[in-house]
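So this block is query.cif, mmCIF, C-alpha atoms:
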data_protein
loop_
_atom_site.label_atom_id
_atom_site.label_comp_id
_atom_site.auth_asym_id
_atom_site.auth_seq_id
_atom_site.Cartn_x
_atom_site.Cartn_y
_atom_site.Cartn_z
CA MET A 227 -6.68 47.65 -2.15
CA SER A 228 -3.57 48.42 -0.19
CA THR A 229 -3.19 46.89 3.21
CA PRO A 230 -1.81 48.79 6.21
CA SER A 231 1.44 46.85 5.94
CA ASP A 232 1.87 48.12 2.39
CA ASP A 233 1.36 51.68 3.60
CA ASP A 234 3.95 51.20 6.32
CA LEU A 235 6.32 49.73 3.77
CA ALA A 236 5.82 52.79 1.56
CA ARG A 237 6.60 55.10 4.49
CA THR A 238 9.75 53.13 5.27
CA LEU A 239 10.86 53.26 1.63
CA VAL A 240 10.44 57.04 1.55
CA ASP A 241 12.78 57.31 4.53
CA VAL A 242 15.28 54.89 2.96
CA VAL A 243 15.36 56.72 -0.37
CA THR A 244 15.61 60.25 1.04
CA ALA A 245 18.47 59.12 3.30
CA ASP A 246 20.65 58.77 0.20
CA PRO A 247 22.73 61.96 -0.17
CA ALA A 248 22.50 61.80 -3.97
CA VAL A 249 18.70 62.03 -3.92
CA ALA A 250 17.33 65.55 -4.16
CA ARG A 251 13.71 64.54 -3.65
CA LEU A 252 11.11 62.00 -4.64
CA ASP A 253 9.05 62.57 -7.75
CA ALA A 254 5.68 61.45 -9.03
CA GLY A 255 7.29 59.86 -12.09
CA LEU A 256 6.75 60.38 -15.78
CA TYR A 257 2.98 60.24 -15.60
CA GLY A 258 2.47 61.34 -12.00
CA ALA A 259 1.27 57.86 -11.10
CA VAL A 260 4.06 56.88 -8.71
CA ALA A 261 2.41 57.70 -5.41
CA THR A 262 0.81 56.02 -2.44
CA LEU A 263 -2.62 57.27 -1.45
CA LEU A 264 -3.00 57.41 2.31
CA PRO A 265 -5.70 58.76 4.58
CA GLY A 266 -4.76 62.39 5.03
CA GLY A 267 -2.37 62.73 2.13
CA ARG A 268 -0.31 61.05 -0.51
CA LEU A 269 3.26 59.85 -0.51
CA VAL A 270 4.82 60.95 -3.74
CA GLY A 271 7.51 58.83 -5.36
CA VAL A 272 6.78 55.37 -3.94
CA ARG A 273 4.13 52.92 -5.03
CA VAL A 274 3.87 49.45 -3.48
CA ASP A 275 1.84 47.15 -5.67
CA PRO A 276 -0.70 45.09 -3.68
CA ASP A 277 0.52 41.99 -5.49
CA PRO A 278 3.78 41.01 -3.72
CA ALA A 279 5.12 39.49 -6.94
CA ARG A 280 4.87 42.80 -8.81
CA PRO A 281 7.70 45.32 -8.58
CA VAL A 282 7.73 48.28 -6.22
CA GLU A 283 7.86 51.58 -8.11
CA VAL A 284 10.18 54.36 -6.99
CA ALA A 285 10.79 57.67 -8.79
CA VAL A 286 13.49 60.13 -7.76
CA VAL A 287 15.15 63.39 -8.70
CA LEU A 288 18.93 63.14 -8.35
CA TYR A 289 21.67 65.68 -7.80
CA LEU A 290 24.08 66.07 -10.69
CA GLY A 291 27.57 64.84 -9.91
CA ALA A 292 28.08 61.12 -9.56
CA PRO A 293 27.27 58.91 -12.57
CA ILE A 294 23.61 57.88 -12.47
CA PRO A 295 24.30 54.11 -12.76
CA THR A 296 26.49 54.33 -9.65
CA VAL A 297 23.84 56.22 -7.72
CA VAL A 298 21.15 53.81 -8.89
CA ALA A 299 23.20 50.82 -7.78
CA GLY A 300 23.65 52.37 -4.32
CA LEU A 301 19.97 53.16 -4.13
CA ARG A 302 19.03 49.61 -5.11
CA ALA A 303 21.33 48.28 -2.39
CA ARG A 304 19.57 50.45 0.21
CA LEU A 305 16.15 49.32 -1.03
CA ALA A 306 17.18 45.67 -1.09
CA ARG A 307 17.91 45.83 2.64
CA VAL A 308 14.20 46.50 3.19
CA LEU A 309 12.64 44.68 0.26
CA GLY A 310 14.90 41.67 -0.12
CA ASP A 311 14.50 40.04 -3.51
CA ARG A 312 11.40 41.96 -4.53
CA PRO A 313 12.07 43.80 -7.82
CA VAL A 314 12.12 47.61 -7.93
CA ASP A 315 11.25 49.70 -10.97
CA LEU A 316 13.37 52.81 -10.50
CA THR A 317 12.78 56.00 -12.48
CA VAL A 318 15.21 58.90 -12.58
CA ALA A 319 12.68 61.59 -13.44
CA ASP A 320 15.00 64.59 -13.38
CA VAL A 321 18.33 65.92 -12.23
CA VAL A 322 19.09 69.17 -10.43
CA ALA A 323 22.30 70.96 -9.57
CA GLY A 324 23.93 69.60 -6.46
CA PRO A 325 24.25 71.61 -3.24
CA VAL A 326 28.02 71.93 -3.68
CA ASP A 327 28.27 72.09 -7.45
CA VAL A 328 26.11 75.17 -7.92
CA GLN A 329 27.91 76.52 -10.96
CA VAL A 330 26.42 73.97 -13.38
CA GLU A 331 22.94 75.46 -12.98
CA ILE A 332 22.93 78.19 -15.60
CA MET B 169 32.64 62.79 -41.11
CA THR B 170 33.68 63.68 -37.61
CA SER B 171 30.75 61.79 -36.16
CA SER B 172 31.84 58.54 -37.78
CA THR B 173 34.76 58.16 -35.38
CA PRO B 174 32.87 58.11 -32.05
CA VAL B 175 30.03 56.07 -33.49
CA SER B 176 32.28 53.34 -34.84
CA THR B 177 34.35 53.16 -31.66
CA SER B 178 31.33 53.02 -29.40
CA ALA B 179 29.72 50.37 -31.59
CA ALA B 180 32.88 48.31 -31.47
CA ALA B 181 33.15 48.88 -27.73
CA THR B 182 29.79 47.34 -26.94
CA THR B 183 31.08 43.81 -27.39
CA THR B 184 34.09 44.38 -25.18
CA ALA B 185 32.18 46.52 -22.70
CA ALA B 186 29.67 43.74 -22.16
CA THR B 187 32.35 41.48 -20.74
CA ALA B 188 34.18 44.25 -18.89
CA THR B 189 31.12 45.69 -17.16
CA GLY B 190 29.57 42.29 -16.62
CA THR B 191 32.17 41.48 -14.03
CA ALA B 192 31.96 44.92 -12.44
CA GLY B 193 28.26 44.66 -11.65
CA SER B 194 27.18 46.02 -15.05
CA PRO B 195 26.76 49.68 -14.13
CA ALA B 196 26.61 50.74 -17.77
CA ARG B 197 23.65 48.69 -18.91
CA LEU B 198 20.62 49.80 -17.00
CA ALA B 199 17.87 47.93 -18.78
CA GLU B 200 19.22 44.44 -18.24
CA GLU B 201 18.34 44.16 -14.57
CA THR B 202 15.38 41.93 -15.28
CA THR B 203 15.21 40.18 -11.94
CA GLN B 204 15.79 43.32 -9.88
CA GLY B 205 13.37 45.47 -11.84
CA LYS B 206 14.06 48.05 -14.50
CA THR B 207 15.64 51.47 -14.30
CA THR B 208 14.24 54.30 -16.38
CA ILE B 209 16.06 57.53 -17.06
CA ALA B 210 13.75 60.32 -18.19
CA ALA B 211 14.51 62.20 -21.38
CA SER B 212 14.77 65.49 -19.48
CA VAL B 213 17.72 64.06 -17.55
CA VAL B 214 19.61 63.39 -20.77
CA GLN B 215 18.50 66.77 -22.10
CA LYS B 216 19.94 68.67 -19.13
CA ILE B 217 23.22 66.78 -19.10
CA ALA B 218 23.70 67.28 -22.85
CA GLY B 219 22.83 70.99 -22.59
CA ILE B 220 25.26 71.60 -19.75
CA ALA B 221 28.02 69.64 -21.51
CA ALA B 222 27.56 71.66 -24.72
CA ARG B 223 27.68 74.99 -22.88
CA GLU B 224 30.92 74.01 -21.16
CA ILE B 225 32.78 74.41 -24.46
CA SER B 226 34.08 77.94 -24.88
CA GLY B 227 32.96 79.33 -28.19
CA VAL B 228 29.35 78.27 -27.62
CA HIS B 229 27.55 81.55 -27.07
CA SER B 230 24.07 80.21 -26.44
CA MET B 231 21.77 77.38 -27.38
CA GLY B 232 18.68 77.25 -29.50
CA GLY B 233 17.52 78.52 -32.86
CA GLY B 234 15.25 81.48 -33.32
CA ILE B 235 12.04 79.60 -32.67
CA SER B 236 13.33 77.31 -29.95
CA ARG B 237 14.90 80.28 -28.13
CA THR B 238 11.52 81.96 -28.15
CA PHE B 239 9.85 78.84 -26.80
CA GLY B 240 12.57 78.52 -24.18
CA ALA B 241 11.94 82.05 -23.00
CA ILE B 242 8.23 81.32 -22.77
CA ARG B 243 8.74 77.98 -21.09
CA GLU B 244 10.79 79.56 -18.29
CA ARG B 245 7.76 81.65 -17.36
CA ILE B 246 5.42 78.66 -17.17
CA PRO B 247 5.05 77.11 -13.71
CA GLY B 248 6.37 73.60 -13.99
CA GLY B 249 8.53 74.57 -16.92
CA GLY B 250 11.26 74.22 -14.37
CA THR B 251 14.22 76.29 -13.30
CA GLY B 252 16.38 74.17 -15.56
CA ALA B 253 14.45 75.20 -18.67
CA SER B 254 17.34 77.42 -19.74
CA ASN B 255 19.57 74.35 -19.71
CA ILE B 256 17.46 72.47 -22.21
CA ALA B 257 16.89 75.21 -24.78
CA GLY B 258 18.18 73.99 -28.12
CA VAL B 259 18.49 70.37 -27.00
CA GLN B 260 16.29 67.60 -28.34
CA VAL B 261 16.91 64.02 -27.32
CA GLU B 262 15.57 60.62 -28.14
CA VAL B 263 16.13 58.10 -25.36
CA GLY B 264 15.75 54.36 -25.66
CA GLU B 265 16.50 51.60 -23.19
CA LYS B 266 20.22 51.50 -23.95
CA GLN B 267 20.88 54.29 -26.40
CA ALA B 268 20.33 58.00 -26.80
CA ALA B 269 20.47 60.38 -29.74
CA VAL B 270 21.01 64.11 -29.27
CA ASP B 271 20.20 67.06 -31.54
CA LEU B 272 21.69 70.43 -30.65
CA ASP B 273 20.96 73.95 -31.93
CA ILE B 274 23.81 76.26 -31.03
CA VAL B 275 24.86 79.87 -31.55
CA VAL B 276 28.64 80.20 -31.88
CA GLU B 277 30.93 83.07 -30.95
CA TYR B 278 32.53 84.86 -33.89
CA GLY B 279 36.18 83.82 -34.13
CA ALA B 280 35.81 80.19 -33.15
CA SER B 281 36.46 77.52 -35.76
CA ILE B 282 33.04 75.97 -36.21
CA VAL B 283 34.44 72.60 -37.26
CA ASP B 284 36.67 72.42 -34.18
CA LEU B 285 33.87 73.70 -32.01
CA ALA B 286 31.42 71.09 -33.28
CA ARG B 287 33.96 68.36 -32.72
CA ALA B 288 34.64 69.54 -29.15
CA VAL B 289 30.93 69.88 -28.36
CA ARG B 290 30.19 66.43 -29.77
CA ARG B 291 33.01 64.82 -27.81
CA ASN B 292 32.01 66.51 -24.53
CA VAL B 293 28.32 65.68 -24.93
CA ILE B 294 29.05 62.03 -25.72
CA THR B 295 31.43 61.74 -22.77
CA ALA B 296 29.08 63.45 -20.33
CA VAL B 297 25.93 61.57 -21.32
CA GLU B 298 27.62 58.18 -21.49
CA ARG B 299 29.41 58.67 -18.18
CA MET B 300 26.48 60.19 -16.34
CA THR B 301 23.66 58.00 -17.61
CA GLY B 302 25.32 54.81 -18.87
CA LEU B 303 23.41 55.18 -22.13
CA GLU B 304 25.30 54.75 -25.37
CA VAL B 305 25.14 57.91 -27.48
CA ILE B 306 24.66 56.84 -31.07
CA GLU B 307 24.70 60.31 -32.63
CA VAL B 308 25.00 63.99 -31.84
CA ASN B 309 23.66 66.22 -34.60
CA ILE B 310 24.76 69.82 -34.31
CA ALA B 311 23.04 72.67 -36.11
CA VAL B 312 24.82 76.02 -35.96
CA ASN B 313 21.94 78.44 -36.29
CA ASP B 314 23.63 81.78 -35.74
CA ILE B 315 26.91 83.47 -35.06
CA HIS B 316 27.31 86.00 -32.30
CA LEU B 317 29.39 89.09 -33.11
CA PRO B 318 31.17 90.92 -30.28
CA GLU B 319 29.75 94.33 -31.26
CA GLU B 320 26.20 93.08 -30.81
CA ASP B 321 26.71 93.49 -27.08
CA ASP B 322 27.71 97.14 -27.51
CA GLN B 323 24.64 98.26 -29.39
CA PRO B 324 22.35 98.86 -26.40
CA THR B 325 24.96 101.07 -24.72
CA PRO B 326 26.37 103.68 -27.10
CA SER B 327 28.00 105.41 -24.14
CA PRO B 328 31.53 105.96 -25.63
CA ALA B 329 30.10 108.29 -28.27
CA ALA B 330 27.81 109.93 -25.75
CA VAL B 331 30.55 110.84 -23.26
CA PRO B 332 31.68 114.09 -24.97
CA ALA B 333 28.06 115.15 -25.40
CA PRO B 334 27.57 116.75 -21.94
CA SER B 335 30.38 119.24 -22.56
CA ARG B 336 28.65 120.45 -25.69
CA VAL B 337 25.29 120.89 -23.92
CA GLU B 338 26.83 123.05 -21.22
#
So that I can check it, write out the structure of this file as structure tokens.
Amino acid sequence: MSTPSDDDLARTLVDVVTADPAVARLDAGLYGAVATLLPGGRLVGVRVDPDPARPVEVAVVLYLGAPIPTVVAGLRARLARVLGDRPVDLTVADVVAGPVDVQVEI
Amino acid sequence: MTSSTPVSTSAAATTTAATATGTAGSPARLAEETTQGKTTIAASVVQKIAGIAAREISGVHSMGGGISRTFGAIRERIPGGGTGASNIAGVQVEVGEKQAAVDLDIVVEYGASIVDLARAVRRNVITAVERMTGLEVIEVNIAVNDIHLPEEDDQPTPSPAAVPAPSRVE
């Protein structure tokens, strides 16, 4: 059972993640299980475990360009501002051509 | 023979890289962030980066063997096959927590030295995947499945021979 505060946290995390310019979009993850079920829809790409000790799951699709470890470190820093010390399981599900670097998409 | 050089250097570099990246916030080792949670990079990410890096080398005409090119053409028509499906034709990867292995099927242009081409492709793929994902590439196996001849492009359009034809018909 997810509490309303968990749902609000999930909404906040979606905003935090999509604010990163290297993130193309959120993704449902490798098995489509990274999502938050809300009344009236589902938030894809963020799953807040009801147990506060368990990690928060986030799955993203990144733009090609910067090295992925650099982007991941920046993303973790953004998430840590909201989550504090709570661990985050981060999945890079896919990459797409960036908005400026169009020529790599063949 | 050519693959032994990058493998041995990267294997030797792991001991030194551990100390070098450890001070820099360890950007290269994704799976060791035990307290912060783990980072997973999907195989399709490595597949796309390796495919793009291989195509960057001039002399690579296309990717994929006969069967995998057929599957690639089919996969592009499947919804969810993705717009990037053309990037991953001829690329198979195996991705672990710290390492990746890449198998490539390529079609070369006639006139390129295949040994030089394979070396250049291998170097570019290793550089791109290691830089972009932080995974250590342990091997890149390259299979050259076909060679592309320049005149194969001319076959559908036999126009040079057909140009004098209208004068005869008149």
Could you list, as a compact mmCIF listing (two decimals) with C-alpha atoms, in the frame of the given file, every residue within 12 Å of A:Gly271, counting only C-alpha atoms and ignoring same-chain residues fewer than 3 positions away?
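The result, written out as result-v7.txt:
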# COMPACT_ATOMS: atom_id res chain seq x y z
CA ALA A 236 5.82 52.79 1.56
CA ARG A 237 6.60 55.10 4.49
CA LEU A 239 10.86 53.26 1.63
CA VAL A 240 10.44 57.04 1.55
CA ASP A 241 12.78 57.31 4.53
CA VAL A 243 15.36 56.72 -0.37
CA THR A 244 15.61 60.25 1.04
CA VAL A 249 18.70 62.03 -3.92
CA ALA A 250 17.33 65.55 -4.16
CA ARG A 251 13.71 64.54 -3.65
CA LEU A 252 11.11 62.00 -4.64
CA ASP A 253 9.05 62.57 -7.75
CA ALA A 254 5.68 61.45 -9.03
CA GLY A 255 7.29 59.86 -12.09
CA LEU A 256 6.75 60.38 -15.78
CA TYR A 257 2.98 60.24 -15.60
CA GLY A 258 2.47 61.34 -12.00
CA ALA A 259 1.27 57.86 -11.10
CA VAL A 260 4.06 56.88 -8.71
CA ALA A 261 2.41 57.70 -5.41
CA THR A 262 0.81 56.02 -2.44
CA LEU A 263 -2.62 57.27 -1.45
CA ARG A 268 -0.31 61.05 -0.51
CA VAL A 274 3.87 49.45 -3.48
CA VAL A 282 7.73 48.28 -6.22
CA GLU A 283 7.86 51.58 -8.11
CA VAL A 284 10.18 54.36 -6.99
CA ALA A 285 10.79 57.67 -8.79
CA VAL A 286 13.49 60.13 -7.76
CA VAL A 287 15.15 63.39 -8.70
CA ASP A 315 11.25 49.70 -10.97
CA LEU A 316 13.37 52.81 -10.50
CA THR A 317 12.78 56.00 -12.48
CA VAL A 318 15.21 58.90 -12.58
CA ALA A 319 12.68 61.59 -13.44
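Residue nearest B:Glu304 within the list B:Ala257, B:Lys266, B:Leu285, B:Ser226: B:Lys266 [criterion: smallest interatomic distance, all atoms listed in the file].
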Task: Nearest to chain B by atom-to-atom distance, counting all atoms listed in the file, from A:Pro293, A:Val322, A:Val298, A:Ala248 - done: A:Pro293
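Here atom CA of B:Asn313 and atom CA of B:Asp273 stand 6.3 Å from one another.
Rounded to one decimal, atom CA of A:Leu235 and atom CA of A:Arg312 lie 12.5 Å from each other.
Atom to atom, atom CA of B:Gln215 and atom CA of B:Asp314 stand 20.9 Å apart.
Take the candidates B:Glu319, B:Glu265, B:Glu307, B:Glu298 and check each one against chain A using only C-alpha atoms; the shortest distance goes to B:Glu298.
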Output as a CSV table (one decimal), in the coordinates of the input: stretch 260-290 of chain A, completed with N, CA and C atoms.
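Once written, out.csv looks like this:
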chain,number,residue,atom,x,y,z
A,260,VAL,N,3.3,57.5,-9.8
A,260,VAL,CA,4.1,56.9,-8.7
A,260,VAL,C,3.8,57.6,-7.4
A,261,ALA,N,2.8,57.1,-6.7
A,261,ALA,CA,2.4,57.7,-5.4
A,261,ALA,C,1.6,56.7,-4.6
A,262,THR,N,1.6,56.9,-3.3
A,262,THR,CA,0.8,56.0,-2.4
A,262,THR,C,-0.3,56.9,-1.8
A,263,LEU,N,-1.5,56.5,-2.0
A,263,LEU,CA,-2.6,57.3,-1.4
A,263,LEU,C,-2.9,56.8,0.0
A,264,LEU,N,-2.8,57.7,0.9
A,264,LEU,CA,-3.0,57.4,2.3
A,264,LEU,C,-4.1,58.3,2.9
A,265,PRO,N,-4.8,57.9,3.9
A,265,PRO,CA,-5.7,58.8,4.6
A,265,PRO,C,-5.0,60.0,5.1
A,266,GLY,N,-5.4,61.2,4.6
A,266,GLY,CA,-4.8,62.4,5.0
A,266,GLY,C,-3.6,62.9,4.1
A,267,GLY,N,-3.4,62.2,3.0
A,267,GLY,CA,-2.4,62.7,2.1
A,267,GLY,C,-1.8,61.7,1.2
A,268,ARG,N,-0.9,62.0,0.4
A,268,ARG,CA,-0.3,61.0,-0.5
A,268,ARG,C,1.2,61.1,-0.4
A,269,LEU,N,1.8,60.0,-0.5
A,269,LEU,CA,3.3,59.8,-0.5
A,269,LEU,C,3.7,59.8,-2.0
A,270,VAL,N,4.4,60.9,-2.4
A,270,VAL,CA,4.8,61.0,-3.7
A,270,VAL,C,6.1,60.2,-3.9
A,271,GLY,N,6.2,59.4,-5.0
A,271,GLY,CA,7.5,58.8,-5.4
A,271,GLY,C,7.7,57.4,-5.0
A,272,VAL,N,6.7,56.8,-4.3
A,272,VAL,CA,6.8,55.4,-3.9
A,272,VAL,C,5.4,54.8,-4.2
A,273,ARG,N,5.4,53.6,-4.9
A,273,ARG,CA,4.1,52.9,-5.0
A,273,ARG,C,4.4,51.4,-4.8
A,274,VAL,N,3.7,50.9,-3.8
A,274,VAL,CA,3.9,49.4,-3.5
A,274,VAL,C,2.7,48.7,-4.1
A,275,ASP,N,2.9,47.9,-5.0
A,275,ASP,CA,1.8,47.2,-5.7
A,275,ASP,C,1.2,46.1,-4.7
A,276,PRO,N,-0.1,46.1,-4.6
A,276,PRO,CA,-0.7,45.1,-3.7
A,276,PRO,C,-0.3,43.7,-3.9
A,277,ASP,N,0.0,43.3,-5.2
A,277,ASP,CA,0.5,42.0,-5.5
A,277,ASP,C,2.0,41.9,-5.1
A,278,PRO,N,2.4,41.1,-4.2
A,278,PRO,CA,3.8,41.0,-3.7
A,278,PRO,C,4.8,40.6,-4.8
A,279,ALA,N,4.2,39.9,-5.9
A,279,ALA,CA,5.1,39.5,-6.9
A,279,ALA,C,5.5,40.6,-7.9
A,280,ARG,N,4.6,41.7,-7.9
A,280,ARG,CA,4.9,42.8,-8.8
A,280,ARG,C,5.9,43.7,-8.2
A,281,PRO,N,6.6,44.4,-9.1
A,281,PRO,CA,7.7,45.3,-8.6
A,281,PRO,C,7.2,46.5,-7.8
A,282,VAL,N,8.0,47.0,-6.9
A,282,VAL,CA,7.7,48.3,-6.2
A,282,VAL,C,8.2,49.4,-7.1
A,283,GLU,N,7.4,50.5,-7.3
A,283,GLU,CA,7.9,51.6,-8.1
A,283,GLU,C,8.4,52.7,-7.3
A,284,VAL,N,9.6,53.2,-7.7
A,284,VAL,CA,10.2,54.4,-7.0
A,284,VAL,C,10.6,55.4,-8.1
A,285,ALA,N,10.4,56.6,-7.9
A,285,ALA,CA,10.8,57.7,-8.8
A,285,ALA,C,11.5,58.8,-8.0
A,286,VAL,N,12.7,59.2,-8.5
A,286,VAL,CA,13.5,60.1,-7.8
A,286,VAL,C,14.0,61.2,-8.7
A,287,VAL,N,14.4,62.3,-8.0
A,287,VAL,CA,15.2,63.4,-8.7
A,287,VAL,C,16.5,63.4,-8.0
A,288,LEU,N,17.6,63.3,-8.9
A,288,LEU,CA,18.9,63.1,-8.4
A,288,LEU,C,19.7,64.4,-8.5
A,289,TYR,N,20.7,64.6,-7.6
A,289,TYR,CA,21.7,65.7,-7.8
A,289,TYR,C,22.7,65.3,-8.9
A,290,LEU,N,23.0,66.3,-9.7
A,290,LEU,CA,24.1,66.1,-10.7
A,290,LEU,C,25.4,65.9,-10.0
